[in-house]
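Peer 1: The following block contains the structure, expressed as structure tokens.
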Amino acid sequence: MNAPILKTLFSRRMLVCVFTGFSSGLPLYLLFSLVPAWLETEGLSLRTIGAFALVQLPYALKFLWAPLVDRYALPWLGLRRGWMAVLHLSLLGVISWVGCLSPKQNLTLLVTLTATLAFLSASLDIVLDAFRRNLLSDVEQELGNTLHVNAYKLASLVPGSLSLILSDFLSWPQVFLVTALFMLPGLAMTLLVSEPRASLCAPKTLREAVWEPFCEFMSRHGWKPALSILAFLLLYKLGDSLCTSLATPFYMKMGYSRTQIGLIAKHAALWPSVLGGILGGMWMMKMGLNRALWVFGFLQAFSILGFVKLAQLGPAPADATRLWALAGVIALEALGAGLGTAASVSFIARTTHPAYVATQFALLTSLMAIPRTFFNASAGWLVEGFQWRGLEWKGLGWENFFGLCFLLAIPGMLLLLKVAPWRGAPPTSPAASNPAQ
């Protein structure tokens, strides 16, 4: 490992990327892991739990209000940091409030609050993505985005491990309060860092913030290549996203306790992802972004097959052999998913224009969120089946469901032939952003 990469890795800007990733990941993993486990313990059906994925719709639509965030600054802390501070505080309050509800008695209010939580979290993603893009130079994007993504994964330890373990000993309102307090490190980072110089070049008018980012993106790439890029981002993580949409209920159905899931499954998912992601970021700087998209994408797709094998074992008491099997399968999937996410986020950063970063970044990441929202909402029906007006669907069951997830990972890989050929040059932004002072 050469000295420039090490120097970049241990720079102050890379530390900031760790904090942005943690703040970005915590609310999303709360919706992914903690809320489904909570609803399972409260006796809601798997179909209802799966349908809760629809509250994540703001992640797929955040490009609609991203221009407003890019155009208008709050009267304190600057364009990016002002929004970051308000959104951190808002999320802390809403997460605490959610835990005070009864899912069966306050289902409508719970849906409203979790949708609000998703809206605030998606808005924070807009600002943090723009802040990070303004903060890092082009040569720092791969490593910075990799650290961001892995801190994003690191945040899963809180709602997916610590909170699940605490739920065996504390009440649910106390569990959600403890989880909410983990938004404070990101708030502290917001108050301590400086506003990036590049963010001072914000759009001067709303038209410039709304229309010009779309025109610039399409004109720079051309219509057909631009549509290929959009389709690629829509499909690249489709199989992986659907595979993990009901992960926590799946583990519970297979006979694992919440404590076992918290101690083994979540740690097995996290640490290979973090370690592999850091090494993957350094690898990307040496091998190039295009080849990383291919290698990491294949690993991301084939790791799904481990879940097929796990489903074949069926539900049973979790002895040592089954715990090791669970840990191995999840570790492989997490490694592939972490590497695939790091590569795709770096690809997005390379294709954005620094002058329109919030809107373009939000549009492209919204496409990645569409499968997570709409396809994942159907996961419960795909597994269990449904009856509607005389029509009956018996469901795929867990084994065939995970097999379908693997097949859905293939189209995104095929699009790499168009958007990132193995021997092609990676995309470059039209102007490099300057690091913050």
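Note on naming: chains are A, B, ... as they come in the structure tokens, residues start from 1 per chain, ligands start from 1 in the order shown.
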Need the shell around Phe298 in chain A: protein/DNA/RNA residues with any atom at most 12 Å away, counting only C-alpha atoms. Skip same-chain ones fewer than 5 positions apart. Format as a CSV table (one decimal) with N, CA, C and O atoms, in the first residue's frame?
Peer 2:
chain,number,residue,atom,x,y,z
A,236,TYR,N,-28.8,-2.2,-10.6
A,236,TYR,CA,-27.6,-2.8,-10.1
A,236,TYR,C,-27.7,-3.4,-8.8
A,236,TYR,O,-27.1,-4.5,-8.5
A,237,LYS,N,-28.5,-2.9,-7.9
A,237,LYS,CA,-28.6,-3.4,-6.5
A,237,LYS,C,-30.0,-4.0,-6.3
A,237,LYS,O,-30.4,-4.2,-5.1
A,239,GLY,N,-31.4,-7.0,-6.9
A,239,GLY,CA,-31.5,-8.3,-6.2
A,239,GLY,C,-31.0,-8.3,-4.8
A,239,GLY,O,-31.7,-8.9,-3.9
A,240,ASP,N,-30.0,-7.6,-4.5
A,240,ASP,CA,-29.4,-7.5,-3.2
A,240,ASP,C,-30.4,-6.8,-2.2
A,240,ASP,O,-30.6,-7.2,-1.1
A,291,ARG,N,-13.7,-1.6,-13.5
A,291,ARG,CA,-13.4,-3.0,-13.1
A,291,ARG,C,-14.0,-3.3,-11.7
A,291,ARG,O,-14.4,-4.4,-11.5
A,292,ALA,N,-13.9,-2.3,-10.8
A,292,ALA,CA,-14.5,-2.5,-9.5
A,292,ALA,C,-16.0,-2.8,-9.6
A,292,ALA,O,-16.6,-3.7,-8.9
A,293,LEU,N,-16.7,-2.1,-10.4
A,293,LEU,CA,-18.1,-2.3,-10.6
A,293,LEU,C,-18.4,-3.7,-11.1
A,293,LEU,O,-19.4,-4.4,-10.6
A,303,SER,N,-23.4,-13.8,-3.8
A,303,SER,CA,-23.5,-14.0,-2.4
A,303,SER,C,-25.0,-14.2,-2.0
A,303,SER,O,-25.2,-14.8,-0.9
A,304,ILE,N,-25.9,-13.8,-2.8
A,304,ILE,CA,-27.3,-14.1,-2.5
A,304,ILE,C,-27.7,-15.6,-2.4
A,304,ILE,O,-28.6,-16.0,-1.7
A,305,LEU,N,-26.9,-16.4,-3.2
A,305,LEU,CA,-27.2,-17.8,-3.2
A,305,LEU,C,-27.0,-18.4,-1.9
A,305,LEU,O,-27.6,-19.5,-1.6
A,333,GLU,N,-22.7,-12.1,2.1
A,333,GLU,CA,-23.7,-11.2,1.4
A,333,GLU,C,-23.4,-9.7,1.8
A,333,GLU,O,-23.4,-8.8,0.9
A,335,LEU,N,-20.4,-8.5,2.6
A,335,LEU,CA,-19.2,-8.1,2.0
A,335,LEU,C,-19.5,-7.7,0.5
A,335,LEU,O,-19.1,-6.6,0.1
A,336,GLY,N,-20.3,-8.5,-0.2
A,336,GLY,CA,-20.7,-8.2,-1.6
A,336,GLY,C,-21.5,-6.9,-1.6
A,336,GLY,O,-21.3,-6.1,-2.5
A,337,ALA,N,-22.5,-6.8,-0.7
A,337,ALA,CA,-23.3,-5.6,-0.8
A,337,ALA,C,-22.6,-4.3,-0.5
A,337,ALA,O,-22.8,-3.3,-1.1
A,339,LEU,N,-19.3,-3.8,-0.9
A,339,LEU,CA,-18.5,-3.4,-2.0
A,339,LEU,C,-19.3,-2.9,-3.2
A,339,LEU,O,-18.9,-1.9,-3.8
A,340,GLY,N,-20.4,-3.5,-3.5
A,340,GLY,CA,-21.2,-3.0,-4.6
A,340,GLY,C,-21.8,-1.6,-4.3
A,340,GLY,O,-21.8,-0.8,-5.3
A,406,PHE,N,-31.6,-13.6,-6.8
A,406,PHE,CA,-30.4,-13.8,-7.6
A,406,PHE,C,-30.6,-13.5,-9.1
A,406,PHE,O,-29.8,-12.8,-9.7
A,409,ALA,N,-30.6,-9.8,-10.0
A,409,ALA,CA,-29.3,-9.2,-10.0
A,409,ALA,C,-28.6,-9.2,-11.3
A,409,ALA,O,-27.7,-8.4,-11.6
A,410,ILE,N,-29.1,-10.0,-12.3
A,410,ILE,CA,-28.4,-10.2,-13.6
A,410,ILE,C,-28.5,-9.0,-14.5
A,410,ILE,O,-27.5,-8.5,-15.1
A,411,PRO,N,-29.7,-8.4,-14.7
A,411,PRO,CA,-29.9,-7.3,-15.7
A,411,PRO,C,-28.9,-6.1,-15.4
A,411,PRO,O,-28.4,-5.5,-16.3
A,412,GLY,N,-28.8,-5.8,-14.1
A,412,GLY,CA,-27.9,-4.6,-13.8
A,412,GLY,C,-26.5,-4.9,-14.2
A,412,GLY,O,-25.7,-4.0,-14.7
A,413,MET,N,-26.0,-6.2,-14.0
A,413,MET,CA,-24.7,-6.5,-14.5
A,413,MET,C,-24.5,-6.4,-16.0
A,413,MET,O,-23.5,-6.0,-16.5
A,414,LEU,N,-25.5,-6.8,-16.7
A,414,LEU,CA,-25.4,-6.7,-18.2
A,414,LEU,C,-25.3,-5.3,-18.7
A,414,LEU,O,-24.7,-5.0,-19.7
A,416,LEU,N,-23.6,-3.1,-17.4
A,416,LEU,CA,-22.2,-2.6,-17.3
A,416,LEU,C,-21.5,-2.6,-18.6
A,416,LEU,O,-20.5,-1.8,-18.8
Peer 1: With distances taken over only C-alpha atoms, which residue among A:Met84, A:Leu136, A:Leu164, A:Ala122 lies nearest Pro36 in chain A?
Peer 2: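 Smallest separation from Pro36 in chain A among the options: A:Leu164.
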Peer 1: Counting only C-alpha atoms, figure out which residue out of A:Thr48, A:Thr112, A:Gln387, A:Asn145 gets nearest to Ala130 in chain A.
Peer 2: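 Residue with the minimum atom-to-atom distance to Ala130 in chain A: A:Asn145.
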Peer 1: Among range 119-259 of chain A, which residues does DSSP mark as alpha helix (DSSP H) when it is run on the backbone? Keep the chain and numbering as in the structure and answer as a ChimeraX atom specification.
Peer 2: /A:119-135,141-154,157,163-166,172-180,184-192,206-221,223-235,238-243,247-253,258-259
Peer 1: With the cut-off set at 6 Å and counting only C-alpha atoms, tabulate each residue of range 213-296 of chain A with an atom at most that distance from an atom of range 369-378 of chain A, showing the nearest atom pair and its distance in Å to one decimal, ordered by chain and increasing number, as JSON lines.
Peer 2:
{"residue": "A:Leu238", "atom": "CA", "partner": "A:Pro371", "partner_atom": "CA", "distance": 5.7}
{"residue": "A:Ser241", "atom": "CA", "partner": "A:Arg372", "partner_atom": "CA", "distance": 5.8}
{"residue": "A:Leu242", "atom": "CA", "partner": "A:Asn376", "partner_atom": "CA", "distance": 5.3}
{"residue": "A:Ser245", "atom": "CA", "partner": "A:Asn376", "partner_atom": "CA", "distance": 5.7}
Peer 1: Excluding range 151-163 of chain A and its own-chain neighbours fewer than 4 positions away, which residues fall within 8 Å of it when counting only C-alpha atoms? Please give them as a ChimeraX atom specification.
Peer 2: /A:17-26,29-30,33-34,147,167,175-176,178-179,182,259,261-263,266-267,270,273-274,338
Peer 1: Which residues, written as a PyMOL selection string, have at least one atom at most 12 Å from Phe401 in chain A, with only C-alpha atoms counted and residues fewer than 6 positions away on the same chain left out?
Peer 2: chain A and resi 239-240+242-247+250+304-305+307-309+311-312+376+378-385+395+407-408
Peer 1: Compile the contact shell of range 417-423 of chain A as a ChimeraX atom specification: residues with an atom at most 12 Å away, counting only C-alpha atoms, same-chain residues fewer than 3 positions apart removed.
Peer 2: /A:221,224-233,236,287-295,297,343-344,347-348,351,411-414,426-427
Peer 1: If we count only C-alpha atoms, what is near Leu332 in chain A at a cut-off of 8 Å, once residues fewer than 2 positions away on the same chain are taken out, given as a list in words?
Peer 2: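 Residues meeting the cut-off are Ala269, Pro272, Ser303, Gly306, Gly328, Val329, Ile330, Ala334, Leu335 and Gly336 of chain A.
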Peer 1: Which value, in Å to one decimal, gives the distance between CA of Leu92 in chain A and CA of Gln105 in chain A?
Peer 2: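 Between these atoms lies a distance of 23.2 Å.
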